[in-house]
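Okay, input.pdb is below, PDB, C-alpha atoms:
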ATOM      1  CA  MET X 156      17.267 -17.243 -27.291
ATOM      2  CA  SER X 157      20.916 -17.424 -28.164
ATOM      3  CA  GLN X 158      24.129 -15.543 -27.491
ATOM      4  CA  MET X 159      24.679 -14.223 -30.983
ATOM      5  CA  GLU X 160      24.779 -11.030 -32.997
ATOM      6  CA  HIS X 161      21.348  -9.463 -33.189
ATOM      7  CA  PRO X 162      19.843  -7.153 -35.828
ATOM      8  CA  TRP X 163      19.318  -4.258 -33.408
ATOM      9  CA  SER X 164      21.898  -1.525 -33.812
ATOM     10  CA  MET X 165      21.434   1.177 -31.169
ATOM     11  CA  GLU X 166      23.230  -0.614 -28.336
ATOM     12  CA  ASP X 167      26.007  -1.802 -30.623
ATOM     13  CA  GLU X 168      26.681   1.783 -31.726
ATOM     14  CA  TRP X 169      27.344   2.792 -28.121
ATOM     15  CA  PHE X 170      29.389  -0.325 -27.345
ATOM     16  CA  ALA X 171      31.549   0.534 -30.384
ATOM     17  CA  ARG X 172      32.195   3.960 -28.836
ATOM     18  CA  GLY X 173      33.485   2.349 -25.681
ATOM     19  CA  VAL X 174      30.340   2.701 -23.582
ATOM     20  CA  GLN X 175      30.145  -0.350 -21.324
ATOM     21  CA  THR X 176      26.610  -0.331 -19.934
ATOM     22  CA  VAL X 177      23.511   0.785 -21.863
ATOM     23  CA  CYS X 178      19.950   0.745 -20.574
ATOM     24  CA  GLY X 179      16.749   1.144 -22.542
ATOM     25  CA  VAL X 180      13.898   3.165 -21.050
ATOM     26  CA  ASP X 181      10.236   3.358 -22.016
ATOM     27  CA  GLU X 182       6.917   4.198 -20.412
ATOM     28  CA  ALA X 183       3.339   2.931 -20.523
ATOM     29  CA  GLY X 184       0.041   4.484 -19.590
ATOM     30  CA  ALA X 185       0.491   8.083 -20.720
ATOM     31  CA  GLY X 186      -2.855   8.133 -22.512
ATOM     32  CA  PRO X 187      -5.407   6.541 -20.135
ATOM     33  CA  LEU X 188      -7.906   8.614 -18.148
ATOM     34  CA  MET X 189      -6.927   6.999 -14.856
ATOM     35  CA  GLY X 190      -4.180   5.399 -12.820
ATOM     36  CA  PRO X 191      -0.438   5.894 -12.696
ATOM     37  CA  VAL X 192       1.985   6.193 -15.582
ATOM     38  CA  TYR X 193       4.631   3.455 -15.510
ATOM     39  CA  ALA X 194       8.195   3.358 -16.792
ATOM     40  CA  ALA X 195      10.832   0.643 -16.988
ATOM     41  CA  ALA X 196      14.592   0.584 -17.490
ATOM     42  CA  VAL X 197      16.392  -2.527 -18.704
ATOM     43  CA  ILE X 198      20.052  -3.458 -19.179
ATOM     44  CA  LEU X 199      20.422  -6.556 -21.358
ATOM     45  CA  PRO X 200      23.591  -8.603 -21.850
ATOM     46  CA  PRO X 201      25.409  -7.527 -25.036
ATOM     47  CA  HIS X 202      24.361  -9.479 -28.128
ATOM     48  CA  LEU X 203      21.567 -11.370 -26.368
ATOM     49  CA  LEU X 204      18.824 -12.230 -28.853
ATOM     50  CA  ILE X 205      15.358 -12.654 -27.348
ATOM     51  CA  ASP X 206      13.131 -14.346 -29.875
ATOM     52  CA  GLY X 207       9.964 -12.384 -30.654
ATOM     53  CA  LEU X 208      11.004  -9.242 -28.798
ATOM     54  CA  ASN X 209       9.172  -6.212 -30.199
ATOM     55  CA  ASP X 210       7.378  -3.003 -29.310
ATOM     56  CA  SER X 211       4.869  -3.999 -26.609
ATOM     57  CA  LYS X 212       2.005  -2.442 -28.583
ATOM     58  CA  LYS X 213       2.624  -4.898 -31.428
ATOM     59  CA  LEU X 214       2.389  -7.989 -29.207
ATOM     60  CA  THR X 215      -0.540  -9.899 -27.766
ATOM     61  CA  GLU X 216      -1.075  -9.859 -24.010
ATOM     62  CA  LYS X 217      -0.092 -13.529 -23.813
ATOM     63  CA  ARG X 218       3.152 -12.885 -25.708
ATOM     64  CA  ARG X 219       3.972  -9.842 -23.550
ATOM     65  CA  ASP X 220       3.495 -11.919 -20.398
ATOM     66  CA  ALA X 221       5.813 -14.635 -21.715
ATOM     67  CA  LEU X 222       8.467 -12.111 -22.746
ATOM     68  CA  TYR X 223       8.190 -10.335 -19.382
ATOM     69  CA  ASP X 224       9.350 -13.502 -17.623
ATOM     70  CA  ILE X 225      12.230 -13.987 -20.082
ATOM     71  CA  ILE X 226      13.370 -10.363 -19.783
ATOM     72  CA  VAL X 227      13.462 -10.295 -15.967
ATOM     73  CA  ASP X 228      15.329 -13.619 -16.027
ATOM     74  CA  LYS X 229      17.941 -12.649 -18.617
ATOM     75  CA  ALA X 230      18.465  -8.929 -17.897
ATOM     76  CA  VAL X 231      21.658  -7.734 -16.236
ATOM     77  CA  ALA X 232      19.391  -5.329 -14.341
ATOM     78  CA  TRP X 233      15.819  -4.087 -14.619
ATOM     79  CA  SER X 234      13.592  -1.662 -12.758
ATOM     80  CA  VAL X 235       9.979  -0.499 -12.914
ATOM     81  CA  ALA X 236       8.653   2.760 -11.439
ATOM     82  CA  ARG X 237       5.411   4.718 -11.523
ATOM     83  CA  VAL X 238       3.991   8.169 -10.862
ATOM     84  CA  GLU X 239       0.464   8.316  -9.457
ATOM     85  CA  ALA X 240      -2.597   9.985 -10.976
ATOM     86  CA  ALA X 241      -2.663  12.713  -8.300
ATOM     87  CA  GLU X 242       0.863  13.785  -9.235
ATOM     88  CA  ILE X 243      -0.004  13.724 -12.935
ATOM     89  CA  ASP X 244      -2.815  16.171 -12.152
ATOM     90  CA  ALA X 245      -0.569  18.298  -9.918
ATOM     91  CA  THR X 246       2.130  18.609 -12.594
ATOM     92  CA  ASP X 247       1.482  17.384 -16.145
ATOM     93  CA  ILE X 248       1.738  14.077 -17.995
ATOM     94  CA  LEU X 249       5.050  14.913 -19.690
ATOM     95  CA  SER X 250       6.700  15.741 -16.364
ATOM     96  CA  ALA X 251       5.207  12.593 -14.824
ATOM     97  CA  ARG X 252       6.570  10.487 -17.687
ATOM     98  CA  MET X 253      10.055  11.959 -17.303
ATOM     99  CA  LYS X 254       9.965  11.463 -13.517
ATOM    100  CA  ALA X 255       8.861   7.827 -13.885
ATOM    101  CA  MET X 256      11.638   7.162 -16.406
ATOM    102  CA  GLN X 257      14.333   8.682 -14.176
ATOM    103  CA  LEU X 258      12.973   6.766 -11.159
ATOM    104  CA  ALA X 259      13.214   3.552 -13.185
ATOM    105  CA  ILE X 260      16.834   4.324 -14.139
ATOM    106  CA  ASP X 261      17.651   5.191 -10.516
ATOM    107  CA  GLY X 262      16.159   1.871  -9.425
ATOM    108  CA  LEU X 263      18.602  -0.213 -11.497
ATOM    109  CA  SER X 264      21.047  -2.306  -9.459
ATOM    110  CA  VAL X 265      23.736  -1.517 -12.068
ATOM    111  CA  ARG X 266      24.426   2.128 -12.911
ATOM    112  CA  PRO X 267      24.190   2.656 -16.692
ATOM    113  CA  ASP X 268      26.765   4.713 -18.587
ATOM    114  CA  MET X 269      24.122   5.633 -21.170
ATOM    115  CA  ALA X 270      20.333   5.553 -21.251
ATOM    116  CA  LEU X 271      18.391   5.195 -24.498
ATOM    117  CA  ILE X 272      15.094   7.049 -24.008
ATOM    118  CA  ASP X 273      12.174   6.156 -26.252
ATOM    119  CA  GLY X 274      10.741   9.199 -28.008
ATOM    120  CA  ASN X 275      11.952  12.756 -28.577
ATOM    121  CA  ARG X 276      11.447  14.317 -25.140
ATOM    122  CA  ASP X 277      13.781  14.275 -22.155
ATOM    123  CA  LYS X 278      12.296  16.945 -19.907
ATOM    124  CA  GLY X 279       9.039  18.421 -18.706
ATOM    125  CA  LYS X 280       8.211  21.458 -16.589
ATOM    126  CA  THR X 281       9.029  19.750 -13.282
ATOM    127  CA  ALA X 282      11.150  16.715 -14.186
ATOM    128  CA  ARG X 283      13.900  15.713 -16.587
ATOM    129  CA  ILE X 284      16.193  12.805 -17.428
ATOM    130  CA  ASN X 285      19.424  13.433 -15.508
ATOM    131  CA  THR X 286      21.344  10.294 -16.477
ATOM    132  CA  PRO X 287      23.581  10.628 -19.586
ATOM    133  CA  HIS X 288      21.173   9.746 -22.356
ATOM    134  CA  THR X 289      20.026  10.050 -25.926
ATOM    135  CA  CYS X 290      16.455  10.175 -27.210
ATOM    136  CA  VAL X 291      15.510   7.583 -29.821
ATOM    137  CA  VAL X 292      12.415   8.224 -31.919
ATOM    138  CA  GLY X 293      10.707   4.894 -32.559
ATOM    139  CA  GLY X 294      13.119   3.377 -30.064
ATOM    140  CA  ASP X 295      11.042   0.310 -29.309
ATOM    141  CA  GLY X 296      11.662  -0.747 -32.911
ATOM    142  CA  ARG X 297      15.350   0.216 -32.987
ATOM    143  CA  SER X 298      16.679  -0.814 -29.579
ATOM    144  CA  GLU X 299      16.327  -4.211 -27.979
ATOM    145  CA  SER X 300      16.604  -2.810 -24.469
ATOM    146  CA  ILE X 301      13.936  -0.154 -25.149
ATOM    147  CA  ALA X 302      11.631  -2.848 -26.540
ATOM    148  CA  ALA X 303      12.275  -4.881 -23.378
ATOM    149  CA  ALA X 304      11.524  -1.837 -21.229
ATOM    150  CA  SER X 305       8.292  -1.195 -23.126
ATOM    151  CA  ILE X 306       7.138  -4.726 -22.290
ATOM    152  CA  LEU X 307       8.012  -4.482 -18.586
ATOM    153  CA  ALA X 308       6.265  -1.111 -18.275
ATOM    154  CA  LYS X 309       3.148  -2.232 -20.168
ATOM    155  CA  VAL X 310       2.770  -5.564 -18.362
ATOM    156  CA  SER X 311       3.415  -3.990 -14.949
ATOM    157  CA  ARG X 312       0.791  -1.317 -15.514
ATOM    158  CA  ASP X 313      -1.790  -3.727 -16.924
ATOM    159  CA  ARG X 314      -1.329  -6.066 -13.965
ATOM    160  CA  TYR X 315      -1.733  -3.220 -11.481
ATOM    161  CA  VAL X 316      -4.883  -1.973 -13.205
ATOM    162  CA  THR X 317      -6.354  -5.477 -13.495
ATOM    163  CA  GLU X 318      -5.311  -6.985 -10.160
ATOM    164  CA  VAL X 319      -5.512  -3.927  -7.888
ATOM    165  CA  LEU X 320      -7.524  -1.020  -9.285
ATOM    166  CA  ASP X 321     -10.209  -3.171 -10.923
ATOM    167  CA  LYS X 322     -10.844  -4.843  -7.564
ATOM    168  CA  GLU X 323     -10.904  -1.522  -5.686
ATOM    169  CA  TYR X 324     -13.297   0.090  -8.167
ATOM    170  CA  PRO X 325     -15.152  -2.784  -9.896
ATOM    171  CA  GLN X 326     -17.945  -0.538 -11.164
ATOM    172  CA  TYR X 327     -15.661   0.997 -13.826
ATOM    173  CA  GLN X 328     -14.613  -2.371 -15.336
ATOM    174  CA  PHE X 329     -10.984  -1.207 -15.550
ATOM    175  CA  ALA X 330      -9.776  -4.723 -16.427
ATOM    176  CA  ARG X 331     -11.694  -4.522 -19.706
ATOM    177  CA  HIS X 332     -10.400  -1.178 -20.998
ATOM    178  CA  LYS X 333      -7.257  -0.588 -18.872
ATOM    179  CA  GLY X 334      -8.386   2.967 -18.200
ATOM    180  CA  TYR X 335      -8.339   4.187 -21.795
ATOM    181  CA  GLY X 336     -11.061   6.497 -23.060
ATOM    182  CA  THR X 337     -13.301   3.822 -24.522
ATOM    183  CA  LYS X 338     -17.058   4.069 -24.988
ATOM    184  CA  LEU X 339     -17.522   1.731 -22.011
ATOM    185  CA  HIS X 340     -15.225   3.771 -19.777
ATOM    186  CA  TYR X 341     -17.018   7.027 -20.571
ATOM    187  CA  ALA X 342     -20.379   5.309 -19.986
ATOM    188  CA  MET X 343     -19.188   4.215 -16.535
ATOM    189  CA  LEU X 344     -17.958   7.757 -15.838
ATOM    190  CA  ASP X 345     -21.358   9.122 -16.837
ATOM    191  CA  TRP X 346     -23.033   6.660 -14.467
ATOM    192  CA  TYR X 347     -20.716   6.744 -11.448
ATOM    193  CA  GLY X 348     -18.653   9.913 -11.838
ATOM    194  CA  PRO X 349     -14.858   9.864 -11.348
ATOM    195  CA  CYS X 350     -13.036   7.969  -8.608
ATOM    196  CA  PRO X 351      -9.813   9.011  -6.800
ATOM    197  CA  GLU X 352      -7.750   7.194  -9.455
ATOM    198  CA  HIS X 353      -9.075   9.287 -12.326
ATOM    199  CA  ARG X 354      -6.859  11.999 -13.795
ATOM    200  CA  MET X 355      -9.096  15.025 -13.590
ATOM    201  CA  THR X 356      -6.895  16.984 -15.999
ATOM    202  CA  PHE X 357      -7.737  14.315 -18.593
ATOM    203  CA  LEU X 358     -11.480  14.683 -18.017
ATOM    204  CA  LYS X 359     -11.986  18.372 -18.818
ATOM    205  CA  LYS X 360     -13.845  17.725 -22.078
ATOM    206  CA  TRP X 361     -15.996  15.090 -20.394
ATOM    207  CA  GLU X 362     -16.769  17.460 -17.513
ATOM    208  CA  ALA X 363     -17.642  20.267 -19.920
ATOM    209  CA  LYS X 364     -20.275  18.031 -21.557
ATOM    210  CA  ARG X 365     -21.977  17.075 -18.293
TER     211      ARG X 365
END

Have the structure of the file written as structure tokens, please.
Amino acid sequence: MSQMEHPWSMEDEWFARGVQTVCGVDEAGAGPLMGPVYAAAVILPPHLLIDGLNDSKKLTEKRRDALYDIIVDKAVAWSVARVEAAEIDATDILSARMKAMQLAIDGLSVRPDMALIDGNRDKGKTARINTPHTCVVGGDGRSESIAAASILAKVSRDRYVTEVLDKEYPQYQFARHKGYGTKLHYAMLDWYGPCPEHRMTFLKKWEAKR
């Protein structure tokens, strides 16, 4: 890590326009069949280079864990939020993602002037991003703070699934598949049926086959 110019450009573009505080926002867990969707917001010091920082999906679990500790130590502010499976079912996954992202922004101890939102969506049927923002397609490869947010969201969700939900519902072996629609997960669903943490709106095809 060093205080030097970094190759990421998104934050620098906004700093050049006179924006003082920029946060990156990303989510994790939109695709799994169970559990909450997580989001994180991160404000990094300008021009901080974190060695090895990348889209969380391109990193090993060990590397994500190491970067998580660095990010929470070096960030000006960071926040993680989640929306539960029951609310995902009651609304829809897009709305839940947008709500989690706005909750993460609202949880920051420093109010951002601009939020960089990973992806191309900023609103769902029941929730939207209210903070001044711009959507960044492929943001976790173009913005250091979005990449940092992707790591905090992913690690936070994986830890919750592994350390809490896997212990509450050991029969599903959540720690092994993190709730995604793997062969093992569907086999456990066939055997035990769904638990309260399952997103029933994600199981319609499975239910139709029963």

Query raised in the report: Hey, what's within 6 Å of range 262-267 of chain X if we count only C-alpha atoms and toss same-chain stuff fewer than 5 positions away? As a ChimeraX atom specification, please?
Result: /X:176-177,232-234

Requested in this report: Go through the shown structure with the PyMOL selection byres ((chain X and resi 309-321) around 8) and write out the matching residues as an MDAnalysis selection string.
Outcome: chainID X and resid 182:184 190:193 211 219:220 223 235 305:308 322:325 327:330 333:334

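Distance annotation: of X:Thr356, X:Ser298, X:Asn275, X:Thr289, the residue with the minimal separation from Leu204 in chain X is X:Ser298; atom set is only C-alpha atoms.
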
Give me the result of the PyMOL selection byres ((chain X and resi 229) around 10) on this file, residue by residue, as a CSV table (one decimal) with C-alpha atoms, keeping the file's coordinate frame.
chain,number,residue,atom,x,y,z
X,156,MET,CA,17.3,-17.2,-27.3
X,198,ILE,CA,20.1,-3.5,-19.2
X,199,LEU,CA,20.4,-6.6,-21.4
X,200,PRO,CA,23.6,-8.6,-21.8
X,203,LEU,CA,21.6,-11.4,-26.4
X,205,ILE,CA,15.4,-12.7,-27.3
X,224,ASP,CA,9.4,-13.5,-17.6
X,225,ILE,CA,12.2,-14.0,-20.1
X,226,ILE,CA,13.4,-10.4,-19.8
X,227,VAL,CA,13.5,-10.3,-16.0
X,228,ASP,CA,15.3,-13.6,-16.0
X,230,ALA,CA,18.5,-8.9,-17.9
X,231,VAL,CA,21.7,-7.7,-16.2
X,232,ALA,CA,19.4,-5.3,-14.3
X,233,TRP,CA,15.8,-4.1,-14.6

Apply the PyMOL selection byres ((chain X and resi 300) around 7) to the displayed file and report the matching residues as an mmCIF file with C-alpha atoms, in the coordinates of the input.
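The file below, expr30.cif, is the result:
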data_model
loop_
_atom_site.group_PDB
_atom_site.id
_atom_site.type_symbol
_atom_site.label_atom_id
_atom_site.label_comp_id
_atom_site.auth_asym_id
_atom_site.auth_seq_id
_atom_site.Cartn_x
_atom_site.Cartn_y
_atom_site.Cartn_z
ATOM 1 C CA CYS X 178 19.950 0.745 -20.574
ATOM 2 C CA GLY X 179 16.749 1.144 -22.542
ATOM 3 C CA VAL X 197 16.392 -2.527 -18.704
ATOM 4 C CA ILE X 198 20.052 -3.458 -19.179
ATOM 5 C CA LEU X 199 20.422 -6.556 -21.358
ATOM 6 C CA SER X 298 16.679 -0.814 -29.579
ATOM 7 C CA GLU X 299 16.327 -4.211 -27.979
ATOM 8 C CA ILE X 301 13.936 -0.154 -25.149
ATOM 9 C CA ALA X 302 11.631 -2.848 -26.540
ATOM 10 C CA ALA X 303 12.275 -4.881 -23.378
ATOM 11 C CA ALA X 304 11.524 -1.837 -21.229
#

**Report entry** Given all atoms listed in the file as the counted atoms, nearest of X:Leu222, X:Ile243, X:Met269, X:Ala171 to Pro287 in chain X
**Finding:** X:Met269

Query raised in the report: Hey, can you check how far CA of Ala240 in chain X sits from CA of Asn285 in chain X?
Result: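 Taking CA of Ala240 in chain X and CA of Asn285 in chain X, their separation equals 22.7 Å.
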
Query raised in the report: Suppose you want the space between CA of Thr281 in chain X and CA of Asp295 in chain X; what is it in Å?
Result: 25.3 Å

Requested in this report: Enter the distance from CA of Ala270 in chain X to CA of Gly207 in chain X, in Å, rounded to one decimal.
Outcome: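 One can read the CA of Ala270 in chain X to CA of Gly207 in chain X distance as 22.8 Å.
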